[in-house]
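Written below as structure tokens is the structure these notes are about.
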Amino acid sequence: MSEISVVPRIRELDAYAPGLSIAEIQQKYGLSRVIKMASNENPLGASPLAQEAARRHAPFLFRYPQGGNPRLARALADLHAVDPRRVVVGNGSDEIIDLLIRILAEPGRHSLACFDPCFSIYPIQGRISGIEVRRCPLGKDFSFDFDALLRLVDQSTRLVFVTTPDNPSGCCPPREAVADLAGRLAGIAPHCLLVVDEAYMDFAEDESGASLLASGALPDNAAFLRTFSKSWGLAGLRLGYGVLPPALADYFWRARLPFSVNILAEEVGLAALADTAFRQATLDAVRQGRATLRDGLTALGCTVWPSAANFLLFQLPPGAGPARNCFEALLRRGIIIRPLSSYKLPEHLRVSVGDAAENAAFLTAMRDILAAPETAGHI
Ligand SMILES: *Cc1c(COP(=O)(O)O)cnc(C)c1O
């Protein structure tokens with residue numbers, strides 16, 4: 001690239017490994033119908049009211065959006081019964097994660113702490129920002145060892161990330177444990193923000209028992225993240241939000257690109273919030289489908305981790321061969337799930353809850369594959 005020189009921390013980056021797309025698999029295997037249960041998307045699609053809003057606002061695509069998305073912030077403040085000055089919105093919660101790191105941590109001087117494995121955006125954006133990334137291994141059963149996490153924290157640490165329910169395990173500690181973590185963190189490192197990523201919280205059976213955000217008792221040093229990508233069915237639109245300490249929210253708005261939430265995202269997001277029937281149908285379908293998949297996989301001899309999210313982490317029965325082969329055998333049958341080698345879990349698989357027909361097709365395919373494990377290497 002001529003004389004242009006890329007900074008070392010960017011030169012060392014690998015590209016983000018997303019779930020495979022339906023088009024890629026159709027083309028590769030010559031399939032007409034492909035089921036995607038890989039990226040924790042909404043099994044019912046997008047809300048009809050949201051789709052209608054997208055059509056209604058199409059004529060205004062030539063306009064810039066209003067700066068700062070105040071209507072959306074107000075609607076979200078109402079949803080969670082919090083002060084609107086706390087609410088921020090971004091181009092997916094990914095943008096909020098990235099900005100929080102850049103607002104709070106100085107390259108070469110500060111650190112962040114997160115679990116290993118965890119949602120990959122925290123360590124990746126930390127590295128891109130030149131922040132030291134400290135990782136704390138999860139317990140063997142994917143539980144959180146908050147004592148061990150806090151041992152990584154010192155005066156250089158500016159952010160601690162916790163995902164609850166966790167991705168990829170679905171593990172969801174009680175909210176008292178998260179509140180206790182926030183309190184202890186404030187004692188050890190008063191300058192450090194606890195980021196509680198609740199991307200999947202609305203799928204929990206007992207949201208009010210599990211969510212510190214829903215409890216309304218918001219610690220001064222905690223930020224909460226939610227997203228429209230999962231339960232609201234708008235992953236492709238790119239819309240996420242946060243509930244932050246008010247002073248931090250003010251800095252967020254100063255630092256955010258003025259129009260990163262586009263005009264359709266704002267209008268469609270508002271329409272999705274109003275579609276309470278679709279939302280309830282989504283939560284019912286996911287909770288029911290999660291139980292169906294858990295029971296079906298367990299009956300096939302798989303180990304399935306308890307999940308409060310819209311996906312399940314599982315391992316194949318002993319003797320079933322490598323997880324990678326099962327993943328590829330599913331692909332040949334037109335079903336995409338998520339292998340977890342990028343999470344350094346090569347023997348685990350993650351499946352997103354689909355609709356009733358997709359869940360049944362997945363379980364049937366798994367039964368066939370486990371009855372006659374296929375040999376590796378022929379794709
Ligand atoms: C899917 C997901 C998000 C949402 O990201 P968006 O940028 O809002 O699509 C955030 N955190 C975790 C842990 C996730 O799995």
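Just remember, in the structure tokens the first chain shown is A, the second B, etc., residues are 1-based per chain, and ligands are 1-based in the order shown.
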Output as a Markdown table one row per residue of chain A within 6 Å of ligand 1: the closest atom pair and its distance in Å to one decimal place, counting only C-alpha atoms and all ligand atoms, sorted by chain and residue number ascending.
```
| residue | atom | partner | partner_atom_place_in_ligand_line | distance |
| --- | --- | --- | --- | --- |
| A:Gly92 | CA | ligand 1 | 7 (O) | 3.4 |
| A:Ser93 | CA | ligand 1 | 8 (O) | 3.7 |
| A:Asp94 | CA | ligand 1 | 7 (O) | 3.8 |
| A:Phe119 | CA | ligand 1 | 13 (C) | 4.9 |
| A:Thr163 | CA | ligand 1 | 13 (C) | 5.8 |
| A:Asn167 | CA | ligand 1 | 13 (C) | 5.4 |
| A:Asp197 | CA | ligand 1 | 11 (N) | 5.9 |
| A:Ala199 | CA | ligand 1 | 11 (N) | 5.1 |
| A:Thr227 | CA | ligand 1 | 8 (O) | 4.4 |
| A:Ser229 | CA | ligand 1 | 9 (O) | 4.8 |
| A:Ala235 | CA | ligand 1 | 9 (O) | 5.5 |
| A:Arg238 | CA | ligand 1 | 9 (O) | 5.9 |
| A:Leu239 | CA | ligand 1 | 8 (O) | 5.7 |
| A:Gly240 | CA | ligand 1 | 8 (O) | 4.5 |
```
Tell me which protein, DNA and RNA residues are within 8 Å of Ala323 (chain A), counting only C-alpha atoms, leaving out same-chain ones fewer than 3 positions away, and put them as a PyMOL selection string. chain A and resi 315-316+326-327+339+346-349
Residue subset to file, keeping N, CA, C and O atoms, as an mmCIF file, in the first residue's frame:
```cif
data_model
loop_
_atom_site.group_PDB
_atom_site.id
_atom_site.type_symbol
_atom_site.label_atom_id
_atom_site.label_comp_id
_atom_site.auth_asym_id
_atom_site.auth_seq_id
_atom_site.Cartn_x
_atom_site.Cartn_y
_atom_site.Cartn_z
ATOM 1 N N GLN A 315 -23.275 -29.090 23.754
ATOM 2 C CA GLN A 315 -22.196 -29.974 23.319
ATOM 3 C C GLN A 315 -22.806 -31.284 22.866
ATOM 4 O O GLN A 315 -23.815 -31.734 23.420
ATOM 5 N N LEU A 316 -22.159 -31.916 21.906
ATOM 6 C CA LEU A 316 -22.649 -33.188 21.379
ATOM 7 C C LEU A 316 -22.410 -34.295 22.395
ATOM 8 O O LEU A 316 -21.540 -34.174 23.264
ATOM 9 N N CYS A 326 -20.530 -31.741 12.774
ATOM 10 C CA CYS A 326 -21.973 -31.607 12.955
ATOM 11 C C CYS A 326 -22.445 -30.288 12.357
ATOM 12 O O CYS A 326 -23.454 -30.242 11.636
ATOM 13 N N PHE A 327 -21.701 -29.227 12.605
ATOM 14 C CA PHE A 327 -22.032 -27.920 12.027
ATOM 15 C C PHE A 327 -22.096 -28.011 10.499
ATOM 16 O O PHE A 327 -23.036 -27.521 9.860
ATOM 17 N N PRO A 339 -20.846 -22.156 14.972
ATOM 18 C CA PRO A 339 -19.709 -22.817 15.619
ATOM 19 C C PRO A 339 -19.016 -21.776 16.490
ATOM 20 O O PRO A 339 -19.146 -20.577 16.235
ATOM 21 N N PRO A 346 -14.114 -24.707 20.536
ATOM 22 C CA PRO A 346 -14.294 -25.489 19.314
ATOM 23 C C PRO A 346 -15.219 -26.690 19.473
ATOM 24 O O PRO A 346 -15.734 -27.204 18.481
ATOM 25 N N GLU A 347 -15.441 -27.150 20.706
ATOM 26 C CA GLU A 347 -16.305 -28.320 20.891
ATOM 27 C C GLU A 347 -17.722 -27.950 21.334
ATOM 28 O O GLU A 347 -18.511 -28.816 21.697
ATOM 29 N N HIS A 348 -18.032 -26.656 21.319
ATOM 30 C CA HIS A 348 -19.388 -26.216 21.654
ATOM 31 C C HIS A 348 -20.064 -25.660 20.410
ATOM 32 O O HIS A 348 -19.407 -25.198 19.483
ATOM 33 N N LEU A 349 -21.385 -25.688 20.428
ATOM 34 C CA LEU A 349 -22.176 -25.103 19.346
ATOM 35 C C LEU A 349 -23.238 -24.203 19.972
ATOM 36 O O LEU A 349 -23.648 -24.425 21.117
#
```
Shell of 8 Å around Asn69 (chain A), only C-alpha atoms, local chain residues under 5 positions omitted, as a list in words: Val89, Val261 and Glu266 of chain A
Distance of CA of Asp355 (chain A) from CA of Ala204 (chain A), expressed in Å to one decimal place: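 Separation of CA of Ala204 (chain A) and CA of Asp355 (chain A): 17.6 Å.
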Can you check which residues of region 107-317 of chain A DSSP gives as strand (DSSP E or B) on the backbone and send them as a count of residues only? 41
Just list as an NGL selection string whatever in region 148-278 of chain A DSSP marks as helix (DSSP H, G or I). :A and (148-151 or 175-188 or 201-203 or 207-210 or 212-215 or 246-255 or 263-274 or 276-278)
Ranking A:Gly209, A:Pro318, A:Gly45, A:Gly296 by minimum distance to Pro174 (chain A) and counting only C-alpha atoms, which one comes first?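 Once distances to Pro174 (chain A) are computed over only C-alpha atoms, the minimum belongs to A:Gly209.
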Looking at only C-alpha atoms, which of A:Leu194, A:Leu330, A:Ile188, A:Val286 is the one that sits closest to Ala223 (chain A)? A:Leu194
